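Okay, input.cif now, which holds mmCIF, C-alpha atoms; chains and numbers go by the auth columns:
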```cif
data_query
loop_
_atom_site.group_PDB
_atom_site.id
_atom_site.type_symbol
_atom_site.label_atom_id
_atom_site.label_comp_id
_atom_site.label_asym_id
_atom_site.label_seq_id
_atom_site.Cartn_x
_atom_site.Cartn_y
_atom_site.Cartn_z
_atom_site.B_iso_or_equiv
_atom_site.auth_seq_id
_atom_site.auth_asym_id
ATOM 1 C CA MET A 1 0.000 0.000 0.000 0.00 1 A
ATOM 2 C CA SER A 2 1.224 3.478 -0.812 0.00 2 A
ATOM 3 C CA LEU A 3 0.296 6.548 1.145 0.00 3 A
ATOM 4 C CA LEU A 4 0.542 10.186 0.229 0.00 4 A
ATOM 5 C CA THR A 5 -0.575 13.246 2.151 0.00 5 A
ATOM 6 C CA ILE A 6 -0.919 16.490 0.271 0.00 6 A
ATOM 7 C CA GLU A 7 -2.112 19.980 0.964 0.00 7 A
ATOM 8 C CA ALA A 8 -5.538 20.548 -0.544 0.00 8 A
ATOM 9 C CA ARG A 9 -4.326 22.896 -3.280 0.00 9 A
ATOM 10 C CA LEU A 10 -4.686 22.648 -7.037 0.00 10 A
ATOM 11 C CA GLU A 11 -0.900 22.980 -7.405 0.00 11 A
ATOM 12 C CA MET A 12 -0.574 19.562 -5.745 0.00 12 A
ATOM 13 C CA LEU A 13 -2.902 17.850 -8.202 0.00 13 A
ATOM 14 C CA ASP A 14 -0.357 16.659 -10.742 0.00 14 A
ATOM 15 C CA SER A 15 1.944 15.001 -8.232 0.00 15 A
ATOM 16 C CA ALA A 16 -1.020 13.332 -6.508 0.00 16 A
ATOM 17 C CA LEU A 17 -2.311 12.008 -9.820 0.00 17 A
ATOM 18 C CA ASP A 18 1.130 10.723 -10.788 0.00 18 A
ATOM 19 C CA PHE A 19 1.234 8.903 -7.456 0.00 19 A
ATOM 20 C CA VAL A 20 -2.129 7.232 -8.117 0.00 20 A
ATOM 21 C CA ALA A 21 -1.196 6.430 -11.721 0.00 21 A
ATOM 22 C CA THR A 22 1.938 4.630 -10.528 0.00 22 A
ATOM 23 C CA GLU A 23 -0.209 2.273 -8.439 0.00 23 A
ATOM 24 C CA ALA A 24 -2.710 1.929 -11.276 0.00 24 A
ATOM 25 C CA GLU A 25 0.105 0.797 -13.557 0.00 25 A
ATOM 26 C CA LYS A 26 0.794 -2.067 -11.145 0.00 26 A
ATOM 27 C CA ALA A 27 -2.794 -3.232 -11.451 0.00 27 A
ATOM 28 C CA TYR A 28 -3.401 -2.591 -15.132 0.00 28 A
ATOM 29 C CA SER A 29 -1.149 -2.993 -18.107 0.00 29 A
ATOM 30 C CA ASP A 30 -3.307 -1.012 -20.504 0.00 30 A
ATOM 31 C CA ALA A 31 -3.248 2.751 -20.900 0.00 31 A
ATOM 32 C CA ILE A 32 -7.048 3.003 -20.954 0.00 32 A
ATOM 33 C CA ASN A 33 -7.557 1.674 -17.450 0.00 33 A
ATOM 34 C CA VAL A 34 -4.635 3.616 -16.003 0.00 34 A
ATOM 35 C CA ASN A 35 -6.048 6.764 -17.576 0.00 35 A
ATOM 36 C CA ARG A 36 -9.519 6.043 -16.169 0.00 36 A
ATOM 37 C CA ILE A 37 -8.116 5.714 -12.665 0.00 37 A
ATOM 38 C CA ARG A 38 -6.287 9.004 -13.079 0.00 38 A
ATOM 39 C CA LEU A 39 -9.540 10.601 -14.187 0.00 39 A
ATOM 40 C CA VAL A 40 -11.402 9.269 -11.154 0.00 40 A
ATOM 41 C CA ALA A 41 -8.712 10.495 -8.771 0.00 41 A
ATOM 42 C CA GLU A 42 -8.780 13.931 -10.376 0.00 42 A
ATOM 43 C CA GLU A 43 -12.542 14.236 -9.924 0.00 43 A
ATOM 44 C CA VAL A 44 -12.441 13.324 -6.266 0.00 44 A
ATOM 45 C CA LEU A 45 -9.384 15.444 -5.471 0.00 45 A
ATOM 46 C CA VAL A 46 -10.647 18.537 -7.284 0.00 46 A
ATOM 47 C CA ASN A 47 -13.934 18.277 -5.397 0.00 47 A
ATOM 48 C CA ILE A 48 -12.111 18.194 -2.077 0.00 48 A
ATOM 49 C CA ILE A 49 -9.745 20.998 -3.075 0.00 49 A
ATOM 50 C CA SER A 50 -12.692 23.143 -4.173 0.00 50 A
ATOM 51 C CA TYR A 51 -15.166 22.521 -1.366 0.00 51 A
ATOM 52 C CA ALA A 52 -13.800 20.718 1.692 0.00 52 A
ATOM 53 C CA TYR A 53 -11.987 23.592 3.348 0.00 53 A
ATOM 54 C CA PRO A 54 -13.895 26.815 2.650 0.00 54 A
ATOM 55 C CA GLY A 55 -11.849 29.826 3.656 0.00 55 A
ATOM 56 C CA THR A 56 -9.053 27.713 5.064 0.00 56 A
ATOM 57 C CA THR A 57 -6.557 25.078 4.043 0.00 57 A
ATOM 58 C CA GLY A 58 -6.235 21.435 4.957 0.00 58 A
ATOM 59 C CA THR A 59 -4.837 18.111 3.928 0.00 59 A
ATOM 60 C CA ILE A 60 -5.851 15.177 1.803 0.00 60 A
ATOM 61 C CA GLU A 61 -4.699 11.638 2.538 0.00 61 A
ATOM 62 C CA ILE A 62 -4.479 9.237 -0.349 0.00 62 A
ATOM 63 C CA SER A 63 -4.003 5.542 0.123 0.00 63 A
ATOM 64 C CA CYS A 64 -3.705 3.414 -2.960 0.00 64 A
ATOM 65 C CA THR A 65 -2.920 -0.210 -3.689 0.00 65 A
ATOM 66 C CA GLY A 66 -2.622 -1.739 -7.111 0.00 66 A
ATOM 67 C CA VAL A 67 -2.197 -5.485 -7.461 0.00 67 A
ATOM 68 C CA PRO A 68 -1.595 -7.162 -10.832 0.00 68 A
ATOM 69 C CA GLU A 69 -4.720 -8.961 -12.107 0.00 69 A
ATOM 70 C CA LYS A 70 -6.634 -8.241 -8.907 0.00 70 A
ATOM 71 C CA GLY A 71 -7.275 -4.561 -9.295 0.00 71 A
ATOM 72 C CA LEU A 72 -6.926 -1.361 -7.415 0.00 72 A
ATOM 73 C CA SER A 73 -8.200 0.115 -4.204 0.00 73 A
ATOM 74 C CA LEU A 74 -8.100 3.839 -3.663 0.00 74 A
ATOM 75 C CA GLU A 75 -9.053 5.650 -0.502 0.00 75 A
ATOM 76 C CA ILE A 76 -9.155 9.426 -0.367 0.00 76 A
ATOM 77 C CA ALA A 77 -9.759 11.172 2.953 0.00 77 A
ATOM 78 C CA ASP A 78 -9.967 14.754 4.176 0.00 78 A
ATOM 79 C CA TYR A 79 -10.714 16.595 7.404 0.00 79 A
ATOM 80 C CA GLY A 80 -13.066 19.100 5.829 0.00 80 A
ATOM 81 C CA ILE A 81 -16.749 19.777 6.269 0.00 81 A
ATOM 82 C CA PRO A 82 -18.853 16.601 6.238 0.00 82 A
ATOM 83 C CA PHE A 83 -19.751 15.893 2.650 0.00 83 A
ATOM 84 C CA ASP A 84 -21.072 12.765 1.000 0.00 84 A
ATOM 85 C CA PRO A 85 -20.488 13.215 -2.736 0.00 85 A
ATOM 86 C CA LEU A 86 -22.739 10.251 -3.493 0.00 86 A
ATOM 87 C CA LEU A 87 -25.772 12.014 -2.025 0.00 87 A
ATOM 88 C CA ASN A 88 -25.359 14.828 -4.488 0.00 88 A
ATOM 89 C CA ALA A 89 -24.637 12.694 -7.501 0.00 89 A
ATOM 90 C CA PRO A 90 -26.363 14.117 -10.544 0.00 90 A
ATOM 91 C CA ALA A 91 -28.440 11.844 -12.722 0.00 91 A
ATOM 92 C CA ASN A 92 -26.488 10.346 -15.567 0.00 92 A
ATOM 93 C CA PHE A 93 -26.819 12.674 -18.517 0.00 93 A
ATOM 94 C CA THR A 94 -24.206 11.253 -20.847 0.00 94 A
ATOM 95 C CA HIS A 95 -26.974 10.462 -23.349 0.00 95 A
ATOM 96 C CA LEU A 96 -28.034 14.104 -23.611 0.00 96 A
ATOM 97 C CA PRO A 97 -27.058 16.171 -26.625 0.00 97 A
ATOM 98 C CA ILE A 98 -24.226 18.571 -25.960 0.00 98 A
ATOM 99 C CA GLU A 99 -26.611 21.551 -26.158 0.00 99 A
ATOM 100 C CA GLU A 100 -28.830 20.250 -23.375 0.00 100 A
ATOM 101 C CA ARG A 101 -26.311 19.238 -20.766 0.00 101 A
ATOM 102 C CA PRO A 102 -25.487 20.971 -17.574 0.00 102 A
ATOM 103 C CA ILE A 103 -21.959 22.320 -18.028 0.00 103 A
ATOM 104 C CA GLY A 104 -20.739 20.860 -14.727 0.00 104 A
ATOM 105 C CA GLY A 105 -21.630 17.834 -12.669 0.00 105 A
ATOM 106 C CA LEU A 106 -20.164 15.194 -14.910 0.00 106 A
ATOM 107 C CA GLY A 107 -17.323 14.226 -12.633 0.00 107 A
ATOM 108 C CA LEU A 108 -19.081 12.032 -10.142 0.00 108 A
ATOM 109 C CA SER A 109 -20.893 9.958 -12.728 0.00 109 A
ATOM 110 C CA LEU A 110 -17.475 9.160 -14.179 0.00 110 A
ATOM 111 C CA VAL A 111 -16.273 8.030 -10.763 0.00 111 A
ATOM 112 C CA THR A 112 -19.199 5.686 -10.229 0.00 112 A
ATOM 113 C CA SER A 113 -19.097 4.300 -13.742 0.00 113 A
ATOM 114 C CA VAL A 114 -15.350 3.569 -13.739 0.00 114 A
ATOM 115 C CA MET A 115 -15.101 2.103 -10.239 0.00 115 A
ATOM 116 C CA ASP A 116 -16.834 -1.105 -9.193 0.00 116 A
ATOM 117 C CA SER A 117 -17.551 0.178 -5.736 0.00 117 A
ATOM 118 C CA VAL A 118 -17.593 3.634 -4.171 0.00 118 A
ATOM 119 C CA ILE A 119 -18.364 4.008 -0.473 0.00 119 A
ATOM 120 C CA TYR A 120 -18.524 7.194 1.565 0.00 120 A
ATOM 121 C CA GLU A 121 -18.007 7.219 5.288 0.00 121 A
ATOM 122 C CA ARG A 122 -17.755 9.994 7.858 0.00 122 A
ATOM 123 C CA ALA A 123 -15.444 8.737 10.582 0.00 123 A
ATOM 124 C CA GLY A 124 -14.726 11.171 13.398 0.00 124 A
ATOM 125 C CA ASP A 125 -13.572 14.325 11.662 0.00 125 A
ATOM 126 C CA ARG A 126 -12.719 12.626 8.380 0.00 126 A
ATOM 127 C CA ASN A 127 -14.545 12.221 5.104 0.00 127 A
ATOM 128 C CA ILE A 128 -13.427 8.931 3.592 0.00 128 A
ATOM 129 C CA LEU A 129 -14.203 7.845 0.072 0.00 129 A
ATOM 130 C CA SER A 130 -13.213 4.216 -0.527 0.00 130 A
ATOM 131 C CA MET A 131 -13.176 2.995 -4.092 0.00 131 A
ATOM 132 C CA GLU A 132 -12.316 -0.275 -5.761 0.00 132 A
ATOM 133 C CA LYS A 133 -11.892 -1.395 -9.300 0.00 133 A
ATOM 134 C CA ARG A 134 -11.530 -5.052 -10.086 0.00 134 A
ATOM 135 C CA GLY A 135 -8.854 -6.463 -12.309 0.00 135 A
ATOM 136 C CA LYS A 136 -9.011 -9.324 -14.789 0.00 136 A
ATOM 137 C CA GLN A 137 -9.368 -11.954 -12.115 0.00 137 A
ATOM 138 C CA GLY A 138 -12.462 -10.217 -10.872 0.00 138 A
ATOM 139 C CA LEU A 139 -11.209 -9.866 -7.347 0.00 139 A
ATOM 140 C CA SER A 140 -10.526 -6.588 -5.698 0.00 140 A
ATOM 141 C CA CYS A 141 -7.602 -6.325 -3.370 0.00 141 A
ATOM 142 C CA MET B 1 5.039 17.510 -22.406 0.00 142 B
ATOM 143 C CA GLU B 2 4.136 21.042 -21.515 0.00 143 B
ATOM 144 C CA SER B 3 0.407 21.654 -21.267 0.00 144 B
ATOM 145 C CA LYS B 4 -0.605 24.542 -23.442 0.00 145 B
ATOM 146 C CA PHE B 5 -3.201 25.606 -25.936 0.00 146 B
ATOM 147 C CA LYS B 6 -3.445 27.957 -28.859 0.00 147 B
ATOM 148 C CA VAL B 7 -6.649 29.392 -30.285 0.00 148 B
ATOM 149 C CA GLU B 8 -6.937 30.532 -33.886 0.00 149 B
ATOM 150 C CA TYR B 9 -9.949 32.162 -35.498 0.00 150 B
ATOM 151 C CA SER B 10 -9.945 32.300 -39.251 0.00 151 B
ATOM 152 C CA GLY B 11 -12.907 32.784 -41.581 0.00 152 B
ATOM 153 C CA THR B 12 -15.681 31.269 -39.467 0.00 153 B
ATOM 154 C CA VAL B 13 -13.571 28.464 -38.027 0.00 154 B
ATOM 155 C CA LEU B 14 -12.392 28.503 -34.438 0.00 155 B
ATOM 156 C CA LYS B 15 -9.453 26.163 -34.073 0.00 156 B
ATOM 157 C CA VAL B 16 -8.162 25.104 -30.657 0.00 157 B
ATOM 158 C CA ILE B 17 -4.759 23.412 -30.668 0.00 158 B
ATOM 159 C CA LEU B 18 -4.235 21.386 -27.508 0.00 159 B
ATOM 160 C CA SER B 19 -1.143 19.755 -26.062 0.00 160 B
ATOM 161 C CA GLY B 20 -0.176 18.008 -22.853 0.00 161 B
ATOM 162 C CA LYS B 21 -3.059 17.827 -20.408 0.00 162 B
ATOM 163 C CA LEU B 22 -6.422 19.537 -20.323 0.00 163 B
ATOM 164 C CA ASP B 23 -7.449 19.229 -16.704 0.00 164 B
ATOM 165 C CA ALA B 24 -8.633 21.186 -13.685 0.00 165 B
ATOM 166 C CA ASN B 25 -5.411 23.208 -13.708 0.00 166 B
ATOM 167 C CA ASN B 26 -5.707 24.797 -17.121 0.00 167 B
ATOM 168 C CA SER B 27 -9.316 24.322 -18.239 0.00 168 B
ATOM 169 C CA PRO B 28 -10.569 27.565 -16.672 0.00 169 B
ATOM 170 C CA ALA B 29 -7.951 29.512 -18.648 0.00 170 B
ATOM 171 C CA LEU B 30 -9.049 27.881 -21.895 0.00 171 B
ATOM 172 C CA SER B 31 -12.726 28.636 -21.160 0.00 172 B
ATOM 173 C CA GLU B 32 -11.792 32.236 -20.547 0.00 173 B
ATOM 174 C CA GLU B 33 -9.817 32.427 -23.772 0.00 174 B
ATOM 175 C CA LEU B 34 -12.710 30.920 -25.734 0.00 175 B
ATOM 176 C CA SER B 35 -15.164 33.369 -24.152 0.00 176 B
ATOM 177 C CA LYS B 36 -13.433 36.131 -26.104 0.00 177 B
ATOM 178 C CA PHE B 37 -14.946 34.720 -29.277 0.00 178 B
ATOM 179 C CA LYS B 38 -18.535 35.022 -28.079 0.00 179 B
ATOM 180 C CA GLY B 39 -20.640 36.868 -30.597 0.00 180 B
ATOM 181 C CA LYS B 40 -18.393 36.028 -33.568 0.00 181 B
ATOM 182 C CA THR B 41 -19.754 33.954 -36.393 0.00 182 B
ATOM 183 C CA ILE B 42 -18.487 30.432 -35.832 0.00 183 B
ATOM 184 C CA THR B 43 -19.560 27.582 -38.096 0.00 184 B
ATOM 185 C CA GLU B 44 -16.953 25.076 -36.976 0.00 185 B
ATOM 186 C CA MET B 45 -15.119 24.557 -33.703 0.00 186 B
ATOM 187 C CA VAL B 46 -12.125 22.337 -34.210 0.00 187 B
ATOM 188 C CA PHE B 47 -10.252 20.810 -31.293 0.00 188 B
ATOM 189 C CA MET B 48 -6.845 19.617 -32.485 0.00 189 B
ATOM 190 C CA ALA B 49 -5.837 16.820 -30.114 0.00 190 B
ATOM 191 C CA LYS B 50 -2.821 15.146 -31.700 0.00 191 B
ATOM 192 C CA ASP B 51 -0.547 16.244 -28.842 0.00 192 B
ATOM 193 C CA LEU B 52 -3.167 16.000 -26.102 0.00 193 B
ATOM 194 C CA SER B 53 -2.158 13.279 -23.647 0.00 194 B
ATOM 195 C CA TYR B 54 -4.981 13.602 -21.111 0.00 195 B
ATOM 196 C CA ILE B 55 -8.405 15.130 -20.747 0.00 196 B
ATOM 197 C CA SER B 56 -10.433 15.135 -17.533 0.00 197 B
ATOM 198 C CA SER B 57 -14.038 16.117 -16.964 0.00 198 B
ATOM 199 C CA ALA B 58 -12.810 19.681 -16.504 0.00 199 B
ATOM 200 C CA GLY B 59 -11.604 19.511 -20.098 0.00 200 B
ATOM 201 C CA ILE B 60 -14.878 17.974 -21.255 0.00 201 B
ATOM 202 C CA ARG B 61 -16.610 20.867 -19.540 0.00 202 B
ATOM 203 C CA VAL B 62 -14.661 23.310 -21.727 0.00 203 B
ATOM 204 C CA ILE B 63 -15.939 21.611 -24.878 0.00 204 B
ATOM 205 C CA VAL B 64 -19.533 21.659 -23.607 0.00 205 B
ATOM 206 C CA PHE B 65 -19.118 25.286 -22.536 0.00 206 B
ATOM 207 C CA ALA B 66 -17.693 26.237 -25.934 0.00 207 B
ATOM 208 C CA LYS B 67 -20.581 24.617 -27.764 0.00 208 B
ATOM 209 C CA GLN B 68 -23.240 26.139 -25.523 0.00 209 B
ATOM 210 C CA LYS B 69 -21.873 29.608 -24.916 0.00 210 B
ATOM 211 C CA VAL B 70 -19.423 30.429 -27.687 0.00 211 B
ATOM 212 C CA GLY B 71 -20.299 28.684 -30.923 0.00 212 B
ATOM 213 C CA GLU B 72 -23.933 27.726 -30.384 0.00 213 B
ATOM 214 C CA ASN B 73 -24.558 26.961 -34.031 0.00 214 B
ATOM 215 C CA SER B 74 -21.227 25.444 -34.852 0.00 215 B
ATOM 216 C CA LYS B 75 -20.265 21.928 -35.750 0.00 216 B
ATOM 217 C CA VAL B 76 -17.729 20.511 -33.278 0.00 217 B
ATOM 218 C CA PHE B 77 -14.714 18.521 -34.468 0.00 218 B
ATOM 219 C CA LEU B 78 -12.147 16.513 -32.544 0.00 219 B
ATOM 220 C CA ILE B 79 -9.062 15.731 -34.572 0.00 220 B
ATOM 221 C CA SER B 80 -6.386 12.998 -34.092 0.00 221 B
ATOM 222 C CA ALA B 81 -7.329 12.198 -30.522 0.00 222 B
ATOM 223 C CA SER B 82 -5.407 9.395 -28.808 0.00 223 B
ATOM 224 C CA GLU B 83 -6.995 6.150 -27.644 0.00 224 B
ATOM 225 C CA THR B 84 -7.181 7.335 -24.032 0.00 225 B
ATOM 226 C CA VAL B 85 -8.643 10.734 -24.896 0.00 226 B
ATOM 227 C CA LEU B 86 -11.238 9.031 -27.125 0.00 227 B
ATOM 228 C CA ASP B 87 -12.098 6.692 -24.265 0.00 228 B
ATOM 229 C CA VAL B 88 -13.019 9.679 -22.086 0.00 229 B
ATOM 230 C CA ILE B 89 -14.965 11.281 -24.937 0.00 230 B
ATOM 231 C CA ASN B 90 -16.880 8.006 -25.350 0.00 231 B
ATOM 232 C CA MET B 91 -17.509 7.524 -21.626 0.00 232 B
ATOM 233 C CA THR B 92 -18.964 10.991 -21.310 0.00 233 B
ATOM 234 C CA GLY B 93 -21.225 10.412 -24.288 0.00 234 B
ATOM 235 C CA LEU B 94 -19.696 13.293 -26.182 0.00 235 B
ATOM 236 C CA ALA B 95 -18.609 11.177 -29.123 0.00 236 B
ATOM 237 C CA ASN B 96 -22.149 11.189 -30.535 0.00 237 B
ATOM 238 C CA PHE B 97 -22.198 14.930 -30.724 0.00 238 B
ATOM 239 C CA MET B 98 -18.809 15.584 -32.283 0.00 239 B
ATOM 240 C CA THR B 99 -17.247 14.749 -35.578 0.00 240 B
ATOM 241 C CA LEU B 100 -14.162 12.625 -34.957 0.00 241 B
ATOM 242 C CA GLN B 101 -11.512 12.716 -37.671 0.00 242 B
ATOM 243 C CA ASP B 102 -7.892 11.646 -38.054 0.00 243 B
ATOM 244 C CA THR B 103 -7.077 14.776 -39.968 0.00 244 B
ATOM 245 C CA TYR B 104 -9.210 17.871 -40.232 0.00 245 B
ATOM 246 C CA GLN B 105 -11.227 17.762 -43.398 0.00 246 B
ATOM 247 C CA GLY B 106 -13.869 20.340 -42.553 0.00 247 B
#
```

Taking this structure as input, can you express it in the form of structure tokens?
Amino acid sequence: MSLLTIEARLEMLDSALDFVATEAEKAYSDAINVNRIRLVAEEVLVNIISYAYPGTTGTIEISCTGVPEKGLSLEIADYGIPFDPLLNAPANFTHLPIEERPIGGLGLSLVTSVMDSVIYERAGDRNILSMEKRGKQGLSC
Amino acid sequence: MESKFKVEYSGTVLKVILSGKLDANNSPALSEELSKFKGKTITEMVFMAKDLSYISSAGIRVIVFAKQKVGENSKVFLISASETVLDVINMTGLANFMTLQDTYQG
């Protein structure tokens, strides 16, 4: 398992995503899946950076494990205001013509469609989003 | 690769040349740049993606924004996108509403 703690700032995004992608590369040998994991991590991290610490700064803890064939688990936690992103998930609108879509709100539907499981938990003063994506063997790690 | 973009407006074609990543870091700047073309006659919006290595939903948002707020009546093109960029375009359902080409043919 690899752990990374970052400040919740947009400037930290690239290094955090590289960290997650490195684990994803252990689990998946194809660029498509590694890219999808990166995408998911970006959505979750940008949400936290944008909304978790209004008017102040804080940290984000990322724990990620990629296992060949088995898949990847990714846990992202913060100490910000309690927020369950799954409660506010917009309806899937990927079928809508480009003219009729809301401009935002796409991110979370990507997270839930790429990952096999997404669980939110408020534990003490932490928001924890635990996600898993299975590998070829169909087992998550 | 350095992430950057260049916007060219010629005739009624708005061409956006992308490279590196289009993500939460630089998408707002591209939206702002594209906003400058509001009110111009735009028949085609062409996103040149040969050197684009990554697009996130923030980048997708720019394309949706451009279509809705900048070139409402334009046809949207995505040119020479990589396999991973196309995957994101497909997942977000945008592929049905854009013309995908290997080279820009208008």

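Residues from chain B found within 6 Å of chain A are Ser197, Ser198, Arg202, Gln209, Thr225, Thr233 and Gly234 of chain B, counting all atoms listed in the file.
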
How would the residues just chosen look if you wrote them out with C-alpha atoms as a JSON list (two decimals), keeping the file's coordinate frame?
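Saved as selection-v6.json:
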```json
[["chain", "number", "residue", "atom", "x", "y", "z"],
["B", 197, "SER", "CA", -10.43, 15.14, -17.53],
["B", 198, "SER", "CA", -14.04, 16.12, -16.96],
["B", 202, "ARG", "CA", -16.61, 20.87, -19.54],
["B", 209, "GLN", "CA", -23.24, 26.14, -25.52],
["B", 225, "THR", "CA", -7.18, 7.34, -24.03],
["B", 233, "THR", "CA", -18.96, 10.99, -21.31],
["B", 234, "GLY", "CA", -21.22, 10.41, -24.29]]
```

Using all atoms listed in the file, which residues sit within 12 Å of Ile62 in chain A once same-chain residues fewer than 2 positions away are excluded, as a PDB file with C-alpha atoms, keeping the file's coordinate frame?
```
ATOM      1  CA  MET A   1       0.000   0.000   0.000  1.00  0.00           C
ATOM      2  CA  SER A   2       1.224   3.478  -0.812  1.00  0.00           C
ATOM      3  CA  LEU A   3       0.296   6.548   1.145  1.00  0.00           C
ATOM      4  CA  LEU A   4       0.542  10.186   0.229  1.00  0.00           C
ATOM      5  CA  THR A   5      -0.575  13.246   2.151  1.00  0.00           C
ATOM      6  CA  ILE A   6      -0.919  16.490   0.271  1.00  0.00           C
ATOM      7  CA  GLU A   7      -2.112  19.980   0.964  1.00  0.00           C
ATOM      8  CA  ALA A   8      -5.538  20.548  -0.544  1.00  0.00           C
ATOM      9  CA  LEU A  13      -2.902  17.850  -8.202  1.00  0.00           C
ATOM     10  CA  SER A  15       1.944  15.001  -8.232  1.00  0.00           C
ATOM     11  CA  ALA A  16      -1.020  13.332  -6.508  1.00  0.00           C
ATOM     12  CA  LEU A  17      -2.311  12.008  -9.820  1.00  0.00           C
ATOM     13  CA  ASP A  18       1.130  10.723 -10.788  1.00  0.00           C
ATOM     14  CA  PHE A  19       1.234   8.903  -7.456  1.00  0.00           C
ATOM     15  CA  VAL A  20      -2.129   7.232  -8.117  1.00  0.00           C
ATOM     16  CA  GLU A  23      -0.209   2.273  -8.439  1.00  0.00           C
ATOM     17  CA  ALA A  41      -8.712  10.495  -8.771  1.00  0.00           C
ATOM     18  CA  GLU A  42      -8.780  13.931 -10.376  1.00  0.00           C
ATOM     19  CA  VAL A  44     -12.441  13.324  -6.266  1.00  0.00           C
ATOM     20  CA  LEU A  45      -9.384  15.444  -5.471  1.00  0.00           C
ATOM     21  CA  ILE A  48     -12.111  18.194  -2.077  1.00  0.00           C
ATOM     22  CA  THR A  59      -4.837  18.111   3.928  1.00  0.00           C
ATOM     23  CA  ILE A  60      -5.851  15.177   1.803  1.00  0.00           C
ATOM     24  CA  CYS A  64      -3.705   3.414  -2.960  1.00  0.00           C
ATOM     25  CA  THR A  65      -2.920  -0.210  -3.689  1.00  0.00           C
ATOM     26  CA  SER A  73      -8.200   0.115  -4.204  1.00  0.00           C
ATOM     27  CA  LEU A  74      -8.100   3.839  -3.663  1.00  0.00           C
ATOM     28  CA  GLU A  75      -9.053   5.650  -0.502  1.00  0.00           C
ATOM     29  CA  ILE A  76      -9.155   9.426  -0.367  1.00  0.00           C
ATOM     30  CA  ALA A  77      -9.759  11.172   2.953  1.00  0.00           C
ATOM     31  CA  ASP A  78      -9.967  14.754   4.176  1.00  0.00           C
ATOM     32  CA  ASN A 127     -14.545  12.221   5.104  1.00  0.00           C
ATOM     33  CA  ILE A 128     -13.427   8.931   3.592  1.00  0.00           C
ATOM     34  CA  LEU A 129     -14.203   7.845   0.072  1.00  0.00           C
ATOM     35  CA  SER A 130     -13.213   4.216  -0.527  1.00  0.00           C
ATOM     36  CA  MET A 131     -13.176   2.995  -4.092  1.00  0.00           C
TER      37      MET A 131
END
```

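In this comparison, which uses all atoms listed in the file, the residue of B:Phe238, B:Phe178, B:Phe188, B:Tyr195 approaching Val211 in chain B most closely is B:Phe178.
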
Sphere at (-24.4, 35.5, -38.7), radius 12 Å, counting all atoms listed in the file: residues as a compact mmCIF listing (two decimals) with C-alpha atoms, keeping the file's coordinate frame:
```txt
# COMPACT_ATOMS: atom_id res chain seq x y z
CA THR B 153 -15.68 31.27 -39.47
CA GLY B 180 -20.64 36.87 -30.60
CA LYS B 181 -18.39 36.03 -33.57
CA THR B 182 -19.75 33.95 -36.39
CA ILE B 183 -18.49 30.43 -35.83
CA THR B 184 -19.56 27.58 -38.10
CA GLY B 212 -20.30 28.68 -30.92
CA GLU B 213 -23.93 27.73 -30.38
CA ASN B 214 -24.56 26.96 -34.03
CA SER B 215 -21.23 25.44 -34.85
```

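For the set A:Arg9, A:Ala52, A:Val111, A:Thr22, the residue with the smallest atom-to-atom gap to Pro82 in chain A is A:Ala52, counting all atoms listed in the file.
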
Quick one: residues within 12 Å of Met239 in chain B, only C-alpha atoms, excluding same-chain residues fewer than 2 positions away - as a compact mmCIF listing (two decimals) with C-alpha atoms, in the coordinates of the input?
```
# COMPACT_ATOMS: atom_id res chain seq x y z
CA PRO A 97 -27.06 16.17 -26.62
CA ILE A 98 -24.23 18.57 -25.96
CA GLU A 99 -26.61 21.55 -26.16
CA GLU B 185 -16.95 25.08 -36.98
CA MET B 186 -15.12 24.56 -33.70
CA VAL B 187 -12.12 22.34 -34.21
CA PHE B 188 -10.25 20.81 -31.29
CA ILE B 201 -14.88 17.97 -21.26
CA ILE B 204 -15.94 21.61 -24.88
CA VAL B 205 -19.53 21.66 -23.61
CA LYS B 208 -20.58 24.62 -27.76
CA SER B 215 -21.23 25.44 -34.85
CA LYS B 216 -20.26 21.93 -35.75
CA VAL B 217 -17.73 20.51 -33.28
CA PHE B 218 -14.71 18.52 -34.47
CA LEU B 219 -12.15 16.51 -32.54
CA ILE B 220 -9.06 15.73 -34.57
CA LEU B 227 -11.24 9.03 -27.12
CA ILE B 230 -14.96 11.28 -24.94
CA ASN B 231 -16.88 8.01 -25.35
CA THR B 233 -18.96 10.99 -21.31
CA GLY B 234 -21.22 10.41 -24.29
CA LEU B 235 -19.70 13.29 -26.18
CA ALA B 236 -18.61 11.18 -29.12
CA ASN B 237 -22.15 11.19 -30.54
CA LEU B 241 -14.16 12.62 -34.96
CA GLN B 242 -11.51 12.72 -37.67
```

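One distance worth recording is that between CA of Ala27 in chain A and CA of Glu61 in chain A, which is 20.5 Å.
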
Inset, instruction - Report the distance between CA of Gln246 in chain B and CA of Ile158 in chain B in Å, rounded to one decimal place. - result: 15.4 Å

Legend entry - Contacts of Lys145 in chain B within 8 Å, all atoms listed in the file, excl. fewer than 5 positions in-chain, as an NGL selection string: :B and (159-162)
